[in-house]
Each structure stands twice: as structure tokens, then as C-alpha cells.
Amino acid sequence: MHKMTYRRDIDGLRAVAILPILLYHAGIPGFSGGFIGVDIFFVISGFLITSIIMREVNEGSFSFVNFWARRARRILPAALVVVVFTLVAGWFLFAPVDYVELGRSARTQAFFAANFFFWGESGYFDGPSELKPLLHTWSLAVEEQFYIVFPLVLILLHKLLPTYKRLALTLLFSASLVASIIWVKDYPSATFYLLHTRAWELLLGGLLVLLPLHSIRYRALAEVVSLVGLATIAYCVINYDSSIVFPGMSAVPPTLATAALIWVNGRHNSIVKQLLSLQPMVWVGLISYSLYLWHWPLIAFARYSTVDELILTDKLLLISASVILAYFSWKFIETPFRKKQLLVTNKKILCSAFASILIVVMVGQKIRLAKGYPSRLPEYARNYAIGAIWSKDQTECYKLNKAGQLCRFGTDQTKKPELFFWGDSHAAALLPGVIEKTKEHGLITLHASKSSCLPILGLGAELKGNSKCVDFHQLMIDQLGSLGIKQVLIAGAWAAYINDDSTPAVASKDQAVDKNSGVTPEVFRNYLADMIQDLRAKNIHVWIVRQVPWQGEAMAHKLTKLAMENRDTTNVGLPLEEHMHRQGYVNTVFDELADDGVTILDPTPLMCTDIFCPAQKDGYSLYKDNDHLSVQGAKMLGELFEPIFEAIKYK
């Protein structure tokens, strides 16, 4: 299959890939598995790239420079225009912290490393997808990395091991597929974003070219295979959703179906091939690259700028705008470059590509260094926006400090520490308030926190995957004992870890486990009681902070958007009744355990009225996101910690 002729049905297959992606991202019902369109693109790309390389190798005309120059013509011009568009639009629409992230993502996209960036961003404190207009470029990065590596591997195998070339690539395909299947459960983010666990999809397309596959002799059988292939893709688009483990085995059906359609329709003019070759399908396929580039930034910016949910009319308008922009992008950007009407020589296109990459990198870095240019915003919006930024103390002392030591806070570092403060990320969120009081009283506080770790010693097996938390909390207890500190302050997202049907399930990034794998209420109470008893036996006074009100969404983000639109922010918050209900069981346990050596600190009276828990005060967001306090919110709670320091002072 080294001979390569234009196939209208492959452009039609591109339409089958892009349309589900577009409708899925727009939130149109019935397309919950539309993300498999990316996998269809991978198989198509692998097939076409391998066909081009092998044709030129057989003709003796293959050149790495020519190959990469063609890739630059095909990929970079439209992508560069979209990146510039997102940076300009972000200037007018994004809060500073979000604009910084946009600049960083643009910088890594220019380096063909967007997949590494979004992989690194997909963990704790990962922002919502609408804050990431370039999120979709992760798949372009995977393809670009493949285009750099694969030709080198293929040419080396062709020259050095021609007899075993197919076997070697089959083994690479198999290794990548096995890695994807094995690692997707334990390392889902890395498996999703990185080349080594996605390469098998591109290699599957390549093997269609390289393996001696015989065409199906009987037309009827070819029709059946084609229909089954298309039906499999349709089934995956309709029935897959975000709950499935993906890629891994779940990616095998749609990719095999795509490969089958490419293989069978290369020899037979099946009904499916005729459908894919219809002019509307071919037209969508031709603009599919530009449509992929443009649709997500438009949707992301629309969701970012709209406080309310997008309605169907909004979604249809966004889809229409995406198609229109994609057409003009294909006609006036893609086509002139691909047909060498602009930057005719390889030298010109490659030098221009390098220059454009350098410019985007410099602009992205400048945005980061300027902290998102907060001066762009009106002051009232800027005040809300800073709520999304934690202090240097918080970020450097998260877990332990960079030296692996507990962080020390206070004006006189020669003094002996008097307070030991530890917990999960909610402890880190409270840190600015504790630091203020520490300095005010001239004392020393030690601190460390670890995300998604219920701050109760011994809970490991009960919390799936939390063995590192057990080690961390044991280290905290050991440090507390060795230092001889008699006052310990503990804070956490307590209710998030409890599997209790009576407690409303909430979405939290600090929820290490879901509602089906958390600890039972009884286990929570018993382990907490045991830990407190052990601390009290060492004559340590335990101070526990009840959970702050849990807002429904990222409040610094929401308040900033409202302020930028001159909308009212005073009614943004949570009913007190909902907060009390959510924390009901945990608060009951705390009340039962409180005694002369255990003091419960409640932030609710400082944050809520008789009926309402607002998300802002005096023009500042009290929250970084939906449940972690902002620096301003933490400092507002300084009074909450006054009894601790009074107790230390008059011990």
C-alpha cells in the first residue's frame, strides 16, 4: 500500500472525527463520547504520514527537511493565528491569574509541549477547562512529537533493519498499547496526554501502510465491515462519557473501527465510502483542522465570560461561528501556505516558523512575568481577582518547604516554636491568618500540609491510595513529639472524606476519595478520637478548626467575572442552612470530643450571617476557589486563632 492517491472518503472520515468533538465540547446532548474524535484523527494521521514517507522512500526522494517543512506549512500558520487570537481575547476577558496560565500554555504550545503542560496542570488545584482556551492543543503536541520522532525511527529501520522493520514497528505498537492499558488506571492523566501511551493509535494507522494486508475479496463482506466500523464509532460517540477509563482498552474499538474503514474502503466503493465521499462530508473534512483549532477557544471564552450556563441558542451560535471561522482559516491561511503561495522555499517557511515560535514564547513569558497585567482590570475587579492567588508562604510550604523541613513563622526565629499547625490544603488556606497572629504575639509557629490527606493519623487502608498520607501524618506526630510542642492546630476538609449518604456530596479538589470509597462516619469518629487521646496523653492541647462554608463554584473567578460585567456581587454565596447541613455529622463529632484539652474553633460566626455565608467582603473574595480561603479570607479569620495564642501566652 505504498502508492498514495487522494481519497475523498478519508476527508469524509475527518468529518466523522471533528463533528463529534465539536458537538461534545459545545455540550450538545447525545455526543458524550465525542472526545474519541481525537483518536480517529490519530489513526488517520498515522496512515497518511506513513504513506507519504514510504512513497518518497521508495522513490528515493525522501528528505527530512522537506518533510518537516511540509509539516510546518500544514500545522503552524493556522495554529499561530489561533494562539495570537487567544492572547488578544484573553487580554480583554481574563482575570490576571487566568491570563498568566494562558500565557504559559501559549508558550508551551509553541514548543510542541502543550501535552506536558496540561498533564502537569491536571492534578491538584487544576482550574476548570473554560479557563484553558488552548487545552485542545495537547493533541497537536502529541502529533508534532510523533512527526519529529517517527520519520527518524522509520528511516533507520528501513536502512538498517529492512527485514525486521514491520516486526519492530509492530512491537512498538504493542508496547505502547499495553502501556496504555496497564497505566491508565494508576496514571490516567499521563496516559491520556503523553506520546508513549498514545503512539499506538498513530502507529495503527502506519501499520495499515506497512503490513502486507490483503484486501477483502467479497463486496458483501466489505460492506459489512464498513457498516460495523461506522456503527462502532457511532456507538462510542453516543455511549462513552467522562466516567469511562480512557484511553486504554476503551480506545481500542473506535481506533480499530477507523483503521477498518481506511483499510476496507481503500479497495471497495462501499456504501459507507460513498457516504463519506459526499461533498458536505468532504467539505467539513477539508476544514476539520481549522475547525478543531477554532472551536474550543470560542467555547472556552464564551463559558468564561458568561456567569450563567450557556443555553442551546448560545451553543448553536458558537458552533456556527466556529464553522465560519474555520472556513476562512482554511481558505486564507491553510491553503495559501500549503500550496506554497506564501513563503515558497523550505528555508523561508522553517525560518519563519522558528521566528514565530520564538515570538510566542517571549510573549507568553512576558505575560507570566507581568503577572497577567492586572492593571488591565478596573480596581474592583482586580481586588476580586487577587483572591485566586495564594501567598508565597503558602505555595512554598505546601507539604514541606523546599528543603523538606517544616516552615517556621514568626519575627524572632531564635525562639522555640510554641504552635504546631498541620492538616490538608485547607490548613494551607488558613495559614495567612495564623501567620498574622503568630507575628502579632511574637511567637513561632511550625507548619506543613499535604493535599487530599485527611489529617487523622492511621487512616490509610480505609482511604484508597492514601498510603503517602499515612507517612506524612506519622511524620507530623513524630515531629510534634520530638520538638516538645504542647499546642497543635489541625484543619482539614473534614466532610469531604466521609462516605455518608446523609451528607450532600460535594465537588472538591481536596476530596481524595469519592463518596463510594471514603471512610464511614464511625471510622472517622473512632480514628479521630484515638489520635486525640494519644495527643492528650502527651499533654498536648488540640485545637481543631471546623470547616469553612463550602461554596458551589470558584468564587474568586466568579466574582471577578461579575465585577468585570458590572453585576451585583453582594448576593453571591451559600445559605447558612446548607452549610450547617453539610457539616452536620462532623460538627457533632467535634462537639462530642471537645473537653478541657480539646478546643473546637468555628469560623462560621465570622463568615456568615444568621441566614447567609457570603463569598466576598469589602470588595475582596474570601475564597481562592470553591472551598479554599483566599489570603484575604484567611486574614479575616485572624480573630479565630486569638484563643490559641492567649493560651500559649498565659500557660
# chains A, B, ... in the order shown; residues from 1 in each chain; ligands from 1
>>> select_by_dssp(residues="range 245-470 of chain A", states="strand (DSSP E)", output="list of chain:residue names")
A:Cys407, A:Arg408, A:Phe409, A:Leu419, A:Phe420, A:Phe421, A:Trp422, A:Gly423, A:Thr445, A:Leu446, A:His447, A:Ala448, A:Ser449
>>> residues_around(residues="Phe645 in chain A", least_positions_apart="5", cutoff="12 Å", atoms="only C-alpha atoms", output="PDB file with N, CA and C atoms, in the first residue's frame")
ATOM      1  N   PRO A 417       9.681  27.121  69.001  1.00  0.00           N
ATOM      2  CA  PRO A 417       8.316  27.104  68.475  1.00  0.00           C
ATOM      3  C   PRO A 417       7.309  26.687  69.544  1.00  0.00           C
ATOM      4  N   GLU A 418       6.159  27.368  69.518  1.00  0.00           N
ATOM      5  CA  GLU A 418       5.129  27.104  70.524  1.00  0.00           C
ATOM      6  C   GLU A 418       3.867  26.474  69.930  1.00  0.00           C
ATOM      7  N   LEU A 419       3.681  26.618  68.614  1.00  0.00           N
ATOM      8  CA  LEU A 419       2.470  26.089  67.974  1.00  0.00           C
ATOM      9  C   LEU A 419       2.856  25.248  66.769  1.00  0.00           C
ATOM     10  N   PHE A 420       2.201  24.093  66.660  1.00  0.00           N
ATOM     11  CA  PHE A 420       2.416  23.177  65.533  1.00  0.00           C
ATOM     12  C   PHE A 420       1.105  23.124  64.742  1.00  0.00           C
ATOM     13  N   VAL A 434      -3.052  32.602  60.497  1.00  0.00           N
ATOM     14  CA  VAL A 434      -2.227  32.093  61.599  1.00  0.00           C
ATOM     15  C   VAL A 434      -0.899  32.842  61.658  1.00  0.00           C
ATOM     16  N   ILE A 435      -0.317  33.118  60.493  1.00  0.00           N
ATOM     17  CA  ILE A 435       0.955  33.849  60.452  1.00  0.00           C
ATOM     18  C   ILE A 435       0.785  35.240  61.059  1.00  0.00           C
ATOM     19  N   GLU A 436      -0.286  35.929  60.711  1.00  0.00           N
ATOM     20  CA  GLU A 436      -0.524  37.269  61.255  1.00  0.00           C
ATOM     21  C   GLU A 436      -0.560  37.252  62.777  1.00  0.00           C
ATOM     22  N   LYS A 437      -1.294  36.297  63.339  1.00  0.00           N
ATOM     23  CA  LYS A 437      -1.405  36.220  64.793  1.00  0.00           C
ATOM     24  C   LYS A 437      -0.086  35.786  65.430  1.00  0.00           C
ATOM     25  N   THR A 438       0.642  34.918  64.738  1.00  0.00           N
ATOM     26  CA  THR A 438       1.944  34.469  65.243  1.00  0.00           C
ATOM     27  C   THR A 438       2.886  35.664  65.410  1.00  0.00           C
ATOM     28  N   LYS A 439       2.948  36.496  64.378  1.00  0.00           N
ATOM     29  CA  LYS A 439       3.829  37.659  64.437  1.00  0.00           C
ATOM     30  C   LYS A 439       3.329  38.699  65.437  1.00  0.00           C
ATOM     31  N   GLU A 440       2.027  38.857  65.502  1.00  0.00           N
ATOM     32  CA  GLU A 440       1.441  39.826  66.433  1.00  0.00           C
ATOM     33  C   GLU A 440       1.793  39.499  67.876  1.00  0.00           C
ATOM     34  N   HIS A 441       1.881  38.209  68.204  1.00  0.00           N
ATOM     35  CA  HIS A 441       2.172  37.787  69.577  1.00  0.00           C
ATOM     36  C   HIS A 441       3.651  37.487  69.798  1.00  0.00           C
ATOM     37  N   GLY A 442       4.467  37.659  68.775  1.00  0.00           N
ATOM     38  CA  GLY A 442       5.898  37.450  68.928  1.00  0.00           C
ATOM     39  C   GLY A 442       6.280  36.009  69.187  1.00  0.00           C
ATOM     40  N   LEU A 443       5.564  35.075  68.591  1.00  0.00           N
ATOM     41  CA  LEU A 443       5.821  33.648  68.803  1.00  0.00           C
ATOM     42  C   LEU A 443       6.304  32.989  67.510  1.00  0.00           C
ATOM     43  N   ILE A 444       6.550  31.689  67.590  1.00  0.00           N
ATOM     44  CA  ILE A 444       6.982  30.902  66.436  1.00  0.00           C
ATOM     45  C   ILE A 444       5.981  29.779  66.198  1.00  0.00           C
ATOM     46  N   THR A 445       5.536  29.653  64.947  1.00  0.00           N
ATOM     47  CA  THR A 445       4.633  28.570  64.542  1.00  0.00           C
ATOM     48  C   THR A 445       5.320  27.727  63.476  1.00  0.00           C
ATOM     49  N   GLN A 487       1.071  22.641  71.885  1.00  0.00           N
ATOM     50  CA  GLN A 487      -0.136  23.178  71.255  1.00  0.00           C
ATOM     51  C   GLN A 487      -0.130  22.763  69.779  1.00  0.00           C
ATOM     52  N   VAL A 488      -1.180  22.039  69.361  1.00  0.00           N
ATOM     53  CA  VAL A 488      -1.263  21.629  67.964  1.00  0.00           C
ATOM     54  C   VAL A 488      -2.593  22.094  67.384  1.00  0.00           C
ATOM     55  N   LEU A 489      -2.520  22.694  66.209  1.00  0.00           N
ATOM     56  CA  LEU A 489      -3.694  23.186  65.487  1.00  0.00           C
ATOM     57  C   LEU A 489      -3.864  22.336  64.235  1.00  0.00           C
ATOM     58  N   TRP A 543      -6.245  21.822  69.093  1.00  0.00           N
ATOM     59  CA  TRP A 543      -7.162  22.826  68.566  1.00  0.00           C
ATOM     60  C   TRP A 543      -7.583  22.375  67.172  1.00  0.00           C
ATOM     61  N   GLY A 638      -8.343  35.956  61.444  1.00  0.00           N
ATOM     62  CA  GLY A 638      -7.281  36.057  62.453  1.00  0.00           C
ATOM     63  C   GLY A 638      -7.812  35.982  63.868  1.00  0.00           C
ATOM     64  N   GLU A 639      -8.949  36.596  64.114  1.00  0.00           N
ATOM     65  CA  GLU A 639      -9.566  36.595  65.447  1.00  0.00           C
ATOM     66  C   GLU A 639      -9.864  35.180  65.931  1.00  0.00           C
ATOM     67  N   LEU A 640     -10.126  34.273  64.974  1.00  0.00           N
ATOM     68  CA  LEU A 640     -10.453  32.888  65.327  1.00  0.00           C
ATOM     69  C   LEU A 640      -9.318  32.220  66.086  1.00  0.00           C
ATOM     70  N   TYR A 650      -0.324  32.677  78.362  1.00  0.00           N
ATOM     71  CA  TYR A 650      -0.620  32.596  79.799  1.00  0.00           C
ATOM     72  C   TYR A 650      -0.563  31.164  80.328  1.00  0.00           C
ATOM     73  N   LYS A 651       0.213  30.308  79.649  1.00  0.00           N
ATOM     74  CA  LYS A 651       0.295  28.915  80.099  1.00  0.00           C
ATOM     75  C   LYS A 651       1.006  28.820  81.444  1.00  0.00           C
TER      76      LYS A 651
END
>>> closest_residue(among="A:Ile75, A:Leu483, A:Leu160, A:Ala594", to="Glu144 in chain A", atoms="only C-alpha atoms")
A:Ile75
>>> atom_distance(atom1="CA of Leu22 in chain A", atom2="CA of Ala110 in chain A")
23.5 Å
>>> closest_residue(among="A:Ala231, A:Val245, A:Leu256, A:Cys453", to="Ala491 in chain A", atoms="only C-alpha atoms")
A:Cys453
>>> atom_distance(atom1="CA of Ile485 in chain A", atom2="CA of Val542 in chain A")
11.1 Å
>>> select_by_dssp(residues="range 62-261 of chain A", states="alpha helix (DSSP H)", output="number ranges by chain")
A: 64-93, 96-110, 114-120, 137-160, 165-183, 188-193, 199-210, 219-239, 252-261
>>> closest_residue(among="A:Ile53, A:Leu156, A:Leu459, A:Leu93", to="Ala302 in chain A", atoms="only C-alpha atoms")
A:Leu93
>>> residues_around(residues="range 377-387 of chain A", least_positions_apart="6", cutoff="8 Å", atoms="only C-alpha atoms", output="MDAnalysis selection string")
chainID A and resid 95:97 556:557 559:561 563:564 619:624 630:632
>>> write_last_selection(atoms="N, CA, C and O atoms", output="PDB file, in the first residue's frame")
ATOM      1  N   ALA A  95      -9.105  37.323  33.889  1.00  0.00           N
ATOM      2  CA  ALA A  95      -8.517  37.835  35.115  1.00  0.00           C
ATOM      3  C   ALA A  95      -7.012  37.570  35.084  1.00  0.00           C
ATOM      4  O   ALA A  95      -6.547  36.673  34.369  1.00  0.00           O
ATOM      5  N   PRO A  96      -6.221  38.319  35.851  1.00  0.00           N
ATOM      6  CA  PRO A  96      -4.756  38.195  35.765  1.00  0.00           C
ATOM      7  C   PRO A  96      -4.229  36.777  35.954  1.00  0.00           C
ATOM      8  O   PRO A  96      -3.386  36.321  35.176  1.00  0.00           O
ATOM      9  N   VAL A  97      -4.704  36.066  36.989  1.00  0.00           N
ATOM     10  CA  VAL A  97      -4.168  34.731  37.240  1.00  0.00           C
ATOM     11  C   VAL A  97      -4.479  33.790  36.082  1.00  0.00           C
ATOM     12  O   VAL A  97      -3.672  32.925  35.726  1.00  0.00           O
ATOM     13  N   ALA A 556     -13.405  33.382  43.507  1.00  0.00           N
ATOM     14  CA  ALA A 556     -12.568  34.470  43.006  1.00  0.00           C
ATOM     15  C   ALA A 556     -12.811  34.658  41.510  1.00  0.00           C
ATOM     16  O   ALA A 556     -12.898  35.783  41.003  1.00  0.00           O
ATOM     17  N   HIS A 557     -12.942  33.550  40.819  1.00  0.00           N
ATOM     18  CA  HIS A 557     -13.209  33.559  39.391  1.00  0.00           C
ATOM     19  C   HIS A 557     -14.584  34.165  39.099  1.00  0.00           C
ATOM     20  O   HIS A 557     -14.734  35.071  38.267  1.00  0.00           O
ATOM     21  N   LEU A 559     -16.600  36.040  41.037  1.00  0.00           N
ATOM     22  CA  LEU A 559     -16.722  37.433  41.455  1.00  0.00           C
ATOM     23  C   LEU A 559     -16.000  38.375  40.499  1.00  0.00           C
ATOM     24  O   LEU A 559     -16.474  39.482  40.220  1.00  0.00           O
ATOM     25  N   THR A 560     -14.856  37.952  40.005  1.00  0.00           N
ATOM     26  CA  THR A 560     -14.122  38.774  39.040  1.00  0.00           C
ATOM     27  C   THR A 560     -14.934  38.966  37.768  1.00  0.00           C
ATOM     28  O   THR A 560     -15.029  40.080  37.231  1.00  0.00           O
ATOM     29  N   LYS A 561     -15.522  37.876  37.272  1.00  0.00           N
ATOM     30  CA  LYS A 561     -16.344  37.972  36.066  1.00  0.00           C
ATOM     31  C   LYS A 561     -17.533  38.904  36.283  1.00  0.00           C
ATOM     32  O   LYS A 561     -17.865  39.724  35.426  1.00  0.00           O
ATOM     33  N   ALA A 563     -17.773  41.344  38.440  1.00  0.00           N
ATOM     34  CA  ALA A 563     -17.292  42.725  38.561  1.00  0.00           C
ATOM     35  C   ALA A 563     -16.925  43.301  37.204  1.00  0.00           C
ATOM     36  O   ALA A 563     -17.181  44.475  36.922  1.00  0.00           O
ATOM     37  N   MET A 564     -16.322  42.486  36.334  1.00  0.00           N
ATOM     38  CA  MET A 564     -15.952  42.959  35.001  1.00  0.00           C
ATOM     39  C   MET A 564     -17.184  43.283  34.167  1.00  0.00           C
ATOM     40  O   MET A 564     -17.120  44.084  33.237  1.00  0.00           O
ATOM     41  N   GLY A 619     -15.367  44.086  49.117  1.00  0.00           N
ATOM     42  CA  GLY A 619     -14.811  44.124  47.769  1.00  0.00           C
ATOM     43  C   GLY A 619     -13.698  43.136  47.501  1.00  0.00           C
ATOM     44  O   GLY A 619     -13.017  43.235  46.479  1.00  0.00           O
ATOM     45  N   TYR A 620     -13.496  42.157  48.375  1.00  0.00           N
ATOM     46  CA  TYR A 620     -12.474  41.120  48.189  1.00  0.00           C
ATOM     47  C   TYR A 620     -13.124  39.738  48.280  1.00  0.00           C
ATOM     48  O   TYR A 620     -14.027  39.523  49.101  1.00  0.00           O
ATOM     49  N   SER A 621     -12.645  38.827  47.459  1.00  0.00           N
ATOM     50  CA  SER A 621     -13.139  37.456  47.532  1.00  0.00           C
ATOM     51  C   SER A 621     -12.585  36.775  48.782  1.00  0.00           C
ATOM     52  O   SER A 621     -11.384  36.875  49.072  1.00  0.00           O
ATOM     53  N   LEU A 622     -13.438  36.077  49.512  1.00  0.00           N
ATOM     54  CA  LEU A 622     -12.988  35.339  50.691  1.00  0.00           C
ATOM     55  C   LEU A 622     -12.441  33.967  50.309  1.00  0.00           C
ATOM     56  O   LEU A 622     -11.895  33.281  51.169  1.00  0.00           O
ATOM     57  N   TYR A 623     -12.582  33.600  49.033  1.00  0.00           N
ATOM     58  CA  TYR A 623     -12.204  32.260  48.590  1.00  0.00           C
ATOM     59  C   TYR A 623     -11.244  32.318  47.410  1.00  0.00           C
ATOM     60  O   TYR A 623     -11.355  33.191  46.546  1.00  0.00           O
ATOM     61  N   LYS A 624     -10.344  31.349  47.400  1.00  0.00           N
ATOM     62  CA  LYS A 624      -9.480  31.142  46.233  1.00  0.00           C
ATOM     63  C   LYS A 624     -10.251  30.407  45.148  1.00  0.00           C
ATOM     64  O   LYS A 624     -10.158  30.729  43.977  1.00  0.00           O
ATOM     65  N   SER A 630      -9.182  32.454  50.361  1.00  0.00           N
ATOM     66  CA  SER A 630      -8.155  33.319  49.791  1.00  0.00           C
ATOM     67  C   SER A 630      -7.290  33.865  50.922  1.00  0.00           C
ATOM     68  O   SER A 630      -7.596  33.679  52.107  1.00  0.00           O
ATOM     69  N   VAL A 631      -6.217  34.541  50.560  1.00  0.00           N
ATOM     70  CA  VAL A 631      -5.375  35.176  51.580  1.00  0.00           C
ATOM     71  C   VAL A 631      -6.210  36.177  52.378  1.00  0.00           C
ATOM     72  O   VAL A 631      -6.123  36.234  53.613  1.00  0.00           O
ATOM     73  N   GLN A 632      -7.058  36.928  51.686  1.00  0.00           N
ATOM     74  CA  GLN A 632      -7.890  37.910  52.372  1.00  0.00           C
ATOM     75  C   GLN A 632      -8.889  37.232  53.305  1.00  0.00           C
ATOM     76  O   GLN A 632      -9.142  37.704  54.415  1.00  0.00           O
TER      77      GLN A 632
END
>>> atom_distance(atom1="CA of Asp98 in chain A", atom2="CA of Lys366 in chain A")
14.2 Å
>>> residues_around(residues="Val142 in chain A", least_positions_apart="3", cutoff="12 Å", atoms="only C-alpha atoms", output="ChimeraX atom specification")
/A:38-39,41-42,45-46,109,111-119,136-139,145-150,191-202
>>> write_last_selection(atoms="C-alpha atoms", output="short mmCIF file (atom, residue, chain, number, x, y, z; two decimals), in the first residue's frame")
data_model
loop_
_atom_site.label_atom_id
_atom_site.label_comp_id
_atom_site.auth_asym_id
_atom_site.auth_seq_id
_atom_site.Cartn_x
_atom_site.Cartn_y
_atom_site.Cartn_z
CA VAL A 38 -9.18 12.85 18.57
CA ASP A 39 -8.37 9.14 18.41
CA PHE A 41 -7.60 11.81 13.88
CA PHE A 42 -4.57 9.99 15.32
CA SER A 45 -2.61 10.96 10.69
CA GLY A 46 -0.54 7.84 11.22
CA GLN A 109 2.26 25.10 22.75
CA PHE A 111 7.45 24.42 21.91
CA PHE A 112 5.20 21.50 20.83
CA ALA A 113 4.87 20.60 24.51
CA ALA A 114 1.27 21.53 25.33
CA ASN A 115 0.52 17.94 26.33
CA PHE A 116 3.21 18.07 29.01
CA PHE A 117 1.87 21.40 30.27
CA PHE A 118 -1.72 20.22 30.61
CA TRP A 119 -0.59 16.92 32.08
CA HIS A 136 -7.15 21.24 22.89
CA THR A 137 -3.63 21.80 21.58
CA TRP A 138 -2.43 18.86 23.67
CA SER A 139 -3.36 16.55 20.78
CA GLN A 145 6.19 14.97 18.69
CA PHE A 146 5.28 11.91 16.63
CA TYR A 147 6.21 13.73 13.42
CA ILE A 148 9.63 14.52 14.86
CA VAL A 149 10.40 11.03 16.15
CA PHE A 150 8.62 8.66 13.77
CA THR A 191 -1.68 8.05 29.90
CA PHE A 192 -4.15 10.47 28.37
CA TYR A 193 -1.73 13.25 27.48
CA LEU A 194 1.66 11.73 26.68
CA LEU A 195 3.03 10.34 23.43
CA HIS A 196 4.29 6.97 24.66
CA THR A 197 0.76 5.86 25.61
CA ARG A 198 -0.86 7.45 22.57
CA ALA A 199 1.68 6.44 19.92
CA TRP A 200 -0.08 3.10 19.29
CA GLU A 201 -3.04 4.95 17.77
CA LEU A 202 -0.81 6.72 15.26
#
>>> residues_around(residues="Ser51 in chain A", least_positions_apart="3", cutoff="12 Å", atoms="only C-alpha atoms", output="PyMOL selection string")
chain A and resi 1-6+44-48+54-58+62+151+154+203+205-211
>>> residues_around(residues="Leu276 in chain A", least_positions_apart="3", cutoff="7 Å", atoms="only C-alpha atoms", output="NGL selection string")
:A and (9 or 12-13 or 272-273 or 281)
>>> residues_around(residues="His541 in chain A", least_positions_apart="4", cutoff="8 Å", atoms="only C-alpha atoms", output="list in words")
Lys486, Gln487, Val488, Leu535, Arg536, Gly597, Val598 and Thr599 of chain A
>>> write_last_selection(atoms="C-alpha atoms", output="PDB file, in the first residue's frame")
ATOM      1  CA  LYS A 486       2.297  21.369  73.560  1.00  0.00           C
ATOM      2  CA  GLN A 487      -0.136  23.178  71.255  1.00  0.00           C
ATOM      3  CA  VAL A 488      -1.263  21.629  67.964  1.00  0.00           C
ATOM      4  CA  LEU A 535      -2.007  13.559  71.836  1.00  0.00           C
ATOM      5  CA  ARG A 536      -3.679  14.305  75.135  1.00  0.00           C
ATOM      6  CA  GLY A 597      -7.734  19.521  76.319  1.00  0.00           C
ATOM      7  CA  VAL A 598      -9.592  19.787  73.019  1.00  0.00           C
ATOM      8  CA  THR A 599     -10.876  23.122  71.707  1.00  0.00           C
TER       9      THR A 599
END
>>> closest_residue(among="A:Val100, A:Leu298, A:Met636, A:Leu134", to="Gln365 in chain A", atoms="only C-alpha atoms")
A:Val100
>>> closest_residue(among="A:Ser391, A:Val323, A:Leu167, A:Pro133", to="Arg303 in chain A", atoms="only C-alpha atoms")
A:Pro133
